[in-house]
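File shown: run-v3.cif (mmCIF, C-alpha atoms).
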```cif
data_final
loop_
_atom_site.label_atom_id
_atom_site.label_comp_id
_atom_site.auth_asym_id
_atom_site.auth_seq_id
_atom_site.Cartn_x
_atom_site.Cartn_y
_atom_site.Cartn_z
CA MET A 1 179.64 172.14 -5.81
CA ASP A 2 181.34 171.02 -8.96
CA GLN A 3 181.81 173.95 -11.37
CA ALA A 4 180.36 172.10 -14.34
CA VAL A 5 177.20 171.18 -12.41
CA GLU A 6 176.90 174.77 -11.20
CA ALA A 7 177.16 176.05 -14.77
CA VAL A 8 174.55 173.62 -16.05
CA LEU A 9 172.14 174.53 -13.21
CA VAL A 10 172.47 178.27 -13.84
CA MET A 11 172.04 177.88 -17.59
CA SER A 12 169.01 175.62 -17.09
CA ALA A 13 167.34 178.05 -14.67
CA PHE A 14 167.97 180.92 -17.07
CA THR A 15 166.58 179.00 -20.06
CA VAL A 16 163.50 177.84 -18.16
CA ALA A 17 162.75 181.37 -16.93
CA LEU A 18 163.00 182.87 -20.43
CA THR A 19 160.95 180.03 -21.94
CA VAL A 20 158.19 180.58 -19.37
CA VAL A 21 158.15 184.32 -20.12
CA TYR A 22 158.16 183.64 -23.89
CA PHE A 23 155.20 181.25 -23.83
CA GLY A 24 153.42 183.33 -21.20
CA SER A 25 153.54 186.40 -23.41
CA ALA A 26 152.51 184.31 -26.44
CA SER A 27 149.39 183.12 -24.64
CA LEU A 28 148.63 186.72 -23.54
CA TYR A 29 148.92 187.83 -27.17
CA ALA A 30 146.63 184.99 -28.28
CA SER A 31 143.97 185.83 -25.68
CA SER A 32 144.20 189.52 -26.63
CA ILE A 33 143.57 188.65 -30.31
CA SER A 34 140.68 186.34 -29.31
CA ALA A 35 139.10 189.16 -27.28
CA GLN A 36 139.33 191.43 -30.33
CA LEU A 37 137.73 188.77 -32.52
CA ALA A 38 134.71 188.12 -30.25
CA PRO A 39 132.63 191.07 -31.62
CA ALA A 40 133.58 190.02 -35.18
CA LEU A 41 132.07 186.58 -34.52
CA ASP A 42 128.77 188.20 -33.45
CA SER A 43 128.84 190.25 -36.66
CA ALA A 44 129.56 187.10 -38.70
CA ALA A 45 126.56 185.40 -37.05
CA SER A 46 124.47 188.46 -37.89
CA ILE A 47 125.60 188.22 -41.53
CA VAL A 48 124.49 184.56 -41.66
CA ALA A 49 121.12 185.28 -40.01
CA SER A 50 120.49 188.29 -42.26
CA THR A 51 121.45 186.36 -45.41
CA VAL A 52 118.96 183.61 -44.54
CA VAL A 53 116.25 186.15 -43.69
CA MET A 54 116.84 188.06 -46.95
CA GLN A 55 116.68 184.84 -48.99
CA ASN A 56 113.35 183.79 -47.46
CA GLY A 57 111.75 187.08 -46.42
CA ASN A 58 108.52 186.56 -44.51
CA SER A 59 107.14 183.99 -46.92
CA SER A 60 105.99 180.88 -45.07
CA SER A 61 106.21 178.71 -48.20
CA SER A 62 109.81 179.85 -48.77
CA TRP A 63 110.76 178.99 -45.19
CA SER A 64 108.97 175.61 -45.45
CA SER A 65 111.06 174.57 -48.46
CA TRP A 66 114.28 176.09 -47.10
CA ALA A 67 117.08 173.75 -45.98
CA PRO A 68 119.68 175.24 -43.61
CA SER A 69 123.28 175.07 -44.83
CA ALA A 70 126.37 175.00 -42.62
CA ASP A 71 128.65 175.82 -45.55
CA PRO A 72 130.43 179.08 -44.59
CA SER A 73 131.04 180.03 -48.25
CA ALA A 74 127.25 180.28 -48.71
CA TYR A 75 127.39 183.34 -46.43
CA GLY A 76 130.72 184.80 -47.54
CA LEU A 77 132.57 183.57 -44.45
CA PRO A 78 136.09 182.04 -44.59
CA GLN A 79 136.47 178.28 -45.03
CA GLY A 80 136.83 176.52 -41.69
CA THR A 81 134.23 178.71 -39.99
CA ALA A 82 131.76 176.56 -38.07
CA VAL A 83 128.15 177.62 -38.64
CA TYR A 84 125.11 176.38 -36.74
CA ILE A 85 121.58 177.43 -37.70
CA ASN A 86 118.43 176.52 -35.81
CA ALA A 87 115.05 177.75 -37.03
CA THR A 88 111.82 177.05 -35.20
CA CYS A 89 108.38 178.00 -36.47
CA PHE A 90 105.65 178.56 -33.89
CA THR A 91 101.90 178.61 -34.36
CA ILE A 92 98.96 179.07 -32.01
CA GLY A 93 96.87 175.92 -31.65
CA ASP A 94 93.10 175.57 -31.25
CA ASN A 95 93.51 175.59 -27.46
CA LYS A 96 95.34 178.97 -27.67
CA GLN A 97 98.66 177.39 -26.77
CA LEU A 98 101.93 178.01 -28.55
CA MET A 99 102.91 174.99 -30.64
CA VAL A 100 105.98 174.17 -32.71
CA ALA A 101 104.89 173.90 -36.37
CA TRP A 102 108.31 172.77 -37.57
CA SER A 103 111.96 173.01 -36.63
CA LYS A 104 115.08 172.81 -38.81
CA ALA A 105 118.73 172.84 -37.82
CA THR A 106 122.14 172.13 -39.30
CA ALA A 107 123.67 168.82 -38.31
CA THR A 108 126.45 169.91 -35.97
CA ALA A 109 125.98 172.26 -33.03
CA VAL A 110 128.68 174.84 -32.29
CA ALA A 111 129.62 174.42 -28.65
CA GLY A 112 131.65 176.67 -26.40
CA SER A 113 132.35 180.35 -26.94
CA ALA A 114 130.92 181.49 -30.27
CA GLY A 115 129.34 184.51 -31.89
CA SER A 116 125.56 184.44 -31.93
CA ALA A 117 122.65 186.22 -33.57
CA HIS A 118 118.89 185.85 -33.20
CA ARG A 119 115.95 186.94 -35.37
CA PHE A 120 112.25 186.73 -34.67
CA ILE A 121 109.95 187.18 -37.68
CA VAL A 122 106.18 187.06 -38.14
CA LEU A 123 105.48 185.19 -41.39
CA ASP A 124 102.73 185.91 -43.92
CA ASP A 125 100.53 183.03 -42.71
CA GLY A 126 100.49 184.33 -39.14
CA THR A 127 103.07 181.92 -37.77
CA ALA A 128 106.22 183.17 -36.06
CA LEU A 129 109.77 182.14 -36.75
CA LYS A 130 112.69 182.15 -34.34
CA LEU A 131 116.11 181.96 -36.00
CA GLU A 132 119.24 181.25 -33.98
CA VAL A 133 122.74 181.34 -35.51
CA ARG A 134 126.02 180.46 -33.84
CA VAL A 135 129.40 180.96 -35.53
CA ARG A 136 132.91 180.05 -34.45
CA MET B 1 189.48 174.13 -15.58
CA GLU B 2 190.08 177.29 -13.58
CA ARG B 3 186.95 178.84 -11.94
CA PRO B 4 187.37 182.35 -13.55
CA LEU B 5 187.48 180.76 -16.98
CA VAL B 6 184.28 178.82 -16.24
CA ARG B 7 182.60 182.05 -15.14
CA ILE B 8 183.62 183.80 -18.34
CA LEU B 9 182.30 180.91 -20.42
CA LEU B 10 179.07 180.85 -18.39
CA VAL B 11 178.49 184.61 -18.75
CA GLY B 12 179.21 184.35 -22.48
CA ALA B 13 176.75 181.51 -22.89
CA LEU B 14 174.11 183.39 -20.88
CA LEU B 15 174.58 186.49 -23.03
CA ALA B 16 174.25 184.38 -26.20
CA LEU B 17 171.09 182.82 -24.78
CA LEU B 18 169.74 186.25 -23.87
CA ALA B 19 170.45 187.52 -27.39
CA SER B 20 168.63 184.59 -28.98
CA PHE B 21 165.61 185.11 -26.71
CA ALA B 22 165.66 188.86 -27.41
CA SER B 23 165.56 188.05 -31.11
CA LEU B 24 162.64 185.64 -30.53
CA PHE B 25 160.74 188.26 -28.50
CA TYR B 26 161.31 190.84 -31.23
CA VAL B 27 159.95 188.53 -33.95
CA GLN B 28 157.02 187.58 -31.71
CA GLY B 29 156.26 191.25 -31.07
CA GLN B 30 156.38 192.05 -34.79
CA ASN B 31 154.05 189.12 -35.55
CA PHE B 32 151.67 190.21 -32.81
CA ALA B 33 151.59 193.80 -34.07
CA GLU B 34 150.80 192.56 -37.58
CA ALA B 35 148.13 190.14 -36.30
CA ALA B 36 146.58 192.92 -34.18
CA LYS B 37 146.33 195.19 -37.25
CA GLN B 38 144.77 192.42 -39.34
CA THR B 39 142.34 191.58 -36.54
CA SER B 40 141.38 195.22 -36.13
CA ALA B 41 140.70 195.52 -39.88
CA ALA B 42 138.73 192.25 -39.97
CA SER B 43 136.73 193.23 -36.90
CA ALA B 44 135.80 196.61 -38.44
CA ALA B 45 134.93 194.97 -41.78
CA TYR B 46 132.65 192.43 -40.07
CA ALA B 47 131.01 195.21 -38.06
CA VAL B 48 130.19 197.16 -41.24
CA ALA B 49 129.12 194.06 -43.22
CA GLY B 50 127.01 192.81 -40.28
CA ALA B 51 125.27 196.19 -39.98
CA VAL B 52 124.64 196.34 -43.76
CA ALA B 53 123.23 192.79 -43.88
CA SER B 54 121.13 193.33 -40.77
CA ALA B 55 119.65 196.60 -42.05
CA ALA B 56 118.91 195.05 -45.47
CA ALA B 57 117.18 192.04 -43.85
CA ASP B 58 115.13 194.28 -41.55
CA ALA B 59 114.08 196.46 -44.51
CA LYS B 60 113.00 193.41 -46.50
CA VAL B 61 110.95 191.92 -43.66
CA LYS B 62 109.38 195.24 -42.60
CA GLY B 63 108.81 196.40 -46.18
CA MET B 64 110.11 199.88 -45.42
CA PRO B 65 113.49 201.69 -45.34
CA VAL B 66 115.66 201.04 -42.29
CA ASN B 67 118.43 203.30 -40.94
CA SER B 68 121.24 202.27 -38.65
CA THR B 69 124.49 203.85 -37.43
CA VAL B 70 127.81 202.19 -36.71
CA ILE B 71 130.36 204.04 -34.58
CA PHE B 72 134.05 203.12 -34.33
CA SER B 73 136.74 203.98 -31.82
CA GLN B 74 139.04 205.22 -34.61
CA PRO B 75 138.35 206.59 -38.11
CA ILE B 76 137.95 203.91 -40.78
CA SER B 77 138.05 204.00 -44.54
CA VAL B 78 135.25 202.10 -46.28
CA THR B 79 135.07 201.24 -49.95
CA ALA B 80 131.85 199.52 -50.96
CA GLY B 81 130.24 198.37 -54.17
CA VAL B 82 127.45 195.89 -55.09
CA LYS B 83 128.22 193.10 -52.57
CA THR B 84 131.78 193.89 -51.50
CA ILE B 85 132.90 195.91 -48.50
CA THR B 86 136.56 196.79 -47.91
CA VAL B 87 137.51 198.39 -44.60
CA SER B 88 140.83 199.87 -43.56
CA PRO B 89 141.30 201.27 -40.05
CA GLY B 90 142.79 204.76 -40.38
CA GLY B 91 145.68 206.25 -38.46
CA THR B 92 147.56 202.98 -38.11
CA GLY B 93 150.50 203.88 -40.32
CA ARG B 94 150.85 200.98 -42.71
CA ALA B 95 147.57 200.38 -44.52
CA VAL B 96 145.92 197.09 -43.64
CA SER B 97 142.53 196.30 -45.09
CA SER B 98 139.96 193.54 -44.91
CA THR B 99 137.37 192.69 -47.55
CA ILE B 100 134.06 190.88 -47.10
CA THR B 101 131.79 189.79 -49.93
CA LEU B 102 128.20 189.33 -48.88
CA GLN B 103 126.21 186.47 -50.38
CA ALA B 104 122.90 188.05 -49.39
CA PRO B 105 120.78 189.55 -52.21
CA VAL B 106 121.93 193.13 -51.57
CA ASN B 107 123.01 195.91 -53.91
CA ILE B 108 125.33 198.29 -52.08
CA ALA B 109 125.64 201.70 -53.72
CA THR B 110 129.26 202.51 -54.59
CA ALA B 111 130.85 204.49 -51.78
CA SER B 112 134.31 205.54 -50.61
CA ILE B 113 134.23 207.11 -47.16
CA THR B 114 136.60 207.85 -44.29
CA ALA B 115 134.71 208.52 -41.08
CA LEU B 116 134.34 207.73 -37.40
CA ALA B 117 130.66 206.84 -37.83
CA LEU B 118 128.68 205.41 -40.73
CA ASN B 119 125.01 205.78 -41.57
CA ILE B 120 123.51 202.76 -43.28
CA THR B 121 120.18 203.10 -45.09
CA ALA B 122 118.61 199.94 -46.50
CA TYR B 123 115.56 199.60 -48.72
CA PRO B 124 113.21 196.63 -49.11
CA ASN B 125 114.50 195.93 -52.65
CA GLY B 126 117.98 195.22 -51.23
CA THR B 127 119.58 198.55 -52.11
CA VAL B 128 121.89 199.81 -49.36
CA TYR B 129 123.50 203.25 -49.04
CA ILE B 130 126.53 203.78 -46.80
CA THR B 131 127.14 207.44 -45.94
CA LYS B 132 129.29 209.44 -43.54
CA GLY B 133 127.74 209.52 -40.07
#
```

Translate this file's structure into structure tokens.
Amino acid sequence: MDQAVEAVLVMSAFTVALTVVYFGSASLYASSISAQLAPALDSAASIVASTVVMQNGNSSSSWSSWAPSADPSAYGLPQGTAVYINATCFTIGDNKQLMVAWSKATATAVAGSAGSAHRFIVLDDGTALKLEVRVR
Amino acid sequence: MERPLVRILLVGALLALLASFASLFYVQGQNFAEAAKQTSAASAAYAVAGAVASAAADAKVKGMPVNSTVIFSQPISVTAGVKTITVSPGGTGRAVSSTITLQAPVNIATASITALALNITAYPNGTVYITKG
């Protein structure tokens, strides 16, 4: 084989091998960081859910006039954090069946892997509220 | 060109390439170590802030004091006041901290603690005490 071709082939193989190892380790680092952040996302979702619960308490009138906000700064979370809130109020109808009194949610759902938190509260008028928060 | 000369040039080029990759790996490792420290601090700060907010919300809804405990795998330093919580994982050499400001209507009693576990006591009026666990 021509010496120049041989040199190019060896150099190319060497470069490719090191590049693969470099990007392989980079992706391992990234997945390691993501794994560390997963519990933090659950805590962030808990902060959002708790903030909303503290603002409205168990007052049915407060929850009725409440409008969910997806703005992360409203909960002390960094800009760029995606927040999804879904609140559903249940009541028991005349036929003793569970009925949805009202439901409110932020516009955009957070799909895929995200931190989540749930709250279930009995309100002062006897209705029950289920609050679901997803954060990514 | 003579074959021995080509070999020398090839080995030299490979060594130069190896050195540049070693330098890249070193920088990447340093960046990862720094990111890991920051992530560890942020994760601990969110754990404390989440526990504080959760206890305060439970106390408000239940109308009675609520206690909770947070345990960490390594000692952490917590500095808290009014709505701000700053957490620094201990024993990591260079100090890295993460601060979270809650928007919830809470009033965290001023505290400066280093501990492996934290006790959080929340009252219905939004007052929260963080003590050594």

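Minimum atom-to-atom distance to chain A, evaluated using all atoms listed in the file, belongs to B:Thr39 out of B:Asn31, B:Thr84, B:Ser77, B:Thr39.
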
**Asked** If the PyMOL selection byres ((chain B and resi 43) around 9) is run on the structure shown, which residues does it catch, given as a PyMOL selection string?
**Response** (chain A and resi 36-41+43) or (chain B and resi 38-42+44-48+98)

Could you take the residues named above and write them with C-alpha atoms, as a PDB file, keeping the file's coordinate frame?
```pdb
ATOM      1  CA  GLN A  36     139.330 191.430 -30.330  1.00  0.00           C
ATOM      2  CA  LEU A  37     137.730 188.770 -32.520  1.00  0.00           C
ATOM      3  CA  ALA A  38     134.710 188.120 -30.250  1.00  0.00           C
ATOM      4  CA  PRO A  39     132.630 191.070 -31.620  1.00  0.00           C
ATOM      5  CA  ALA A  40     133.580 190.020 -35.180  1.00  0.00           C
ATOM      6  CA  LEU A  41     132.070 186.580 -34.520  1.00  0.00           C
ATOM      7  CA  SER A  43     128.840 190.250 -36.660  1.00  0.00           C
TER       8      SER A  43
ATOM      9  CA  GLN B  38     144.770 192.420 -39.340  1.00  0.00           C
ATOM     10  CA  THR B  39     142.340 191.580 -36.540  1.00  0.00           C
ATOM     11  CA  SER B  40     141.380 195.220 -36.130  1.00  0.00           C
ATOM     12  CA  ALA B  41     140.700 195.520 -39.880  1.00  0.00           C
ATOM     13  CA  ALA B  42     138.730 192.250 -39.970  1.00  0.00           C
ATOM     14  CA  ALA B  44     135.800 196.610 -38.440  1.00  0.00           C
ATOM     15  CA  ALA B  45     134.930 194.970 -41.780  1.00  0.00           C
ATOM     16  CA  TYR B  46     132.650 192.430 -40.070  1.00  0.00           C
ATOM     17  CA  ALA B  47     131.010 195.210 -38.060  1.00  0.00           C
ATOM     18  CA  VAL B  48     130.190 197.160 -41.240  1.00  0.00           C
ATOM     19  CA  SER B  98     139.960 193.540 -44.910  1.00  0.00           C
TER      20      SER B  98
END
```

**Message:** I need the contact residues of chain B against chain A, so if you could list those with any atom within 6 Å, counting only C-alpha atoms, and return them as a ChimeraX atom specification, that would help.
**Reply:** /B:43,46-47,50,53-54,57,61,101-104

**Message:** Suppose a student applies the PyMOL selection byres ((chain B and resi 82) around 9) to this structure; what residues should they get, written as an MDAnalysis selection string?
**Reply:** chainID B and resid 80:81 83:85 106:110 127:128

**Request:** Name all residues at most 6 Å from Thr86 (chain B) (count only C-alpha atoms; drop same-chain ones fewer than 3 positions away) and give them as a VMD selection string.
**Result:** chain B and resid 78 to 79 98 to 99

**Request:** Considering only C-alpha atoms, state which residue in the set A:Val135, A:Ala17, A:Leu129, A:Val5 is at the smallest distance from Thr91 (chain A).
**Result:**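 Among the listed residues, the smallest separation from Thr91 (chain A) belongs to A:Leu129.
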
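What the PyMOL selection byres ((chain A and resi 67) around 12) grabs from this file is Val52, Gln55, Asn56, Ser62, Trp63, Ser64, Ser65, Trp66, Pro68, Ser69, Ala70, Asp71, Ile85, Asn86, Ala87, Ser103, Lys104, Ala105, Thr106 and Ala107 of chain A.
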
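For the pair CA of Ala95 (chain B) and CA of Glu34 (chain B), the interatomic distance is 10.9 Å.
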
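Rounded to one decimal, CA of Val52 (chain B) and CA of Tyr123 (chain B) lie 10.8 Å from each other.
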
**Request:** Would you list the contacts of Gly112 (chain A) as a list in words, taking every protein, DNA or RNA residue within 12 Å and counting all atoms listed in the file, but skipping same-chain residues closer than 4 positions in sequence?
**Result:** Ala82, Ser116, Arg134, Val135 and Arg136 of chain A

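What separates CA of Leu28 (chain A) from CA of Gln28 (chain B) is a distance of 11.7 Å.
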
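Closest approach to Val83 (chain A) among A:Ala128, A:Ala114, A:Met99, A:Val16 is made by A:Ala114 (distances from all atoms listed in the file).
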
Closest-contact table, region 13-127 of chain B side, partner region 3-9 of chain B, 12 Å, counting only C-alpha atoms, as CSV:
```
residue,atom,partner,partner_atom,distance
B:Ala13,CA,B:Leu9,CA,6.1
B:Leu14,CA,B:Leu9,CA,8.6
B:Leu15,CA,B:Leu9,CA,9.9
B:Ala16,CA,B:Leu9,CA,10.5
```

**Request:** Determine the nearest neighbour of Thr121 (chain B) from the options B:Ala36, B:Leu17, B:Ala51, B:Leu10, counting all atoms listed in the file.
**Result:**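 Looking only at the distances to Thr121 (chain B), the closest residue turns out to be B:Ala51.
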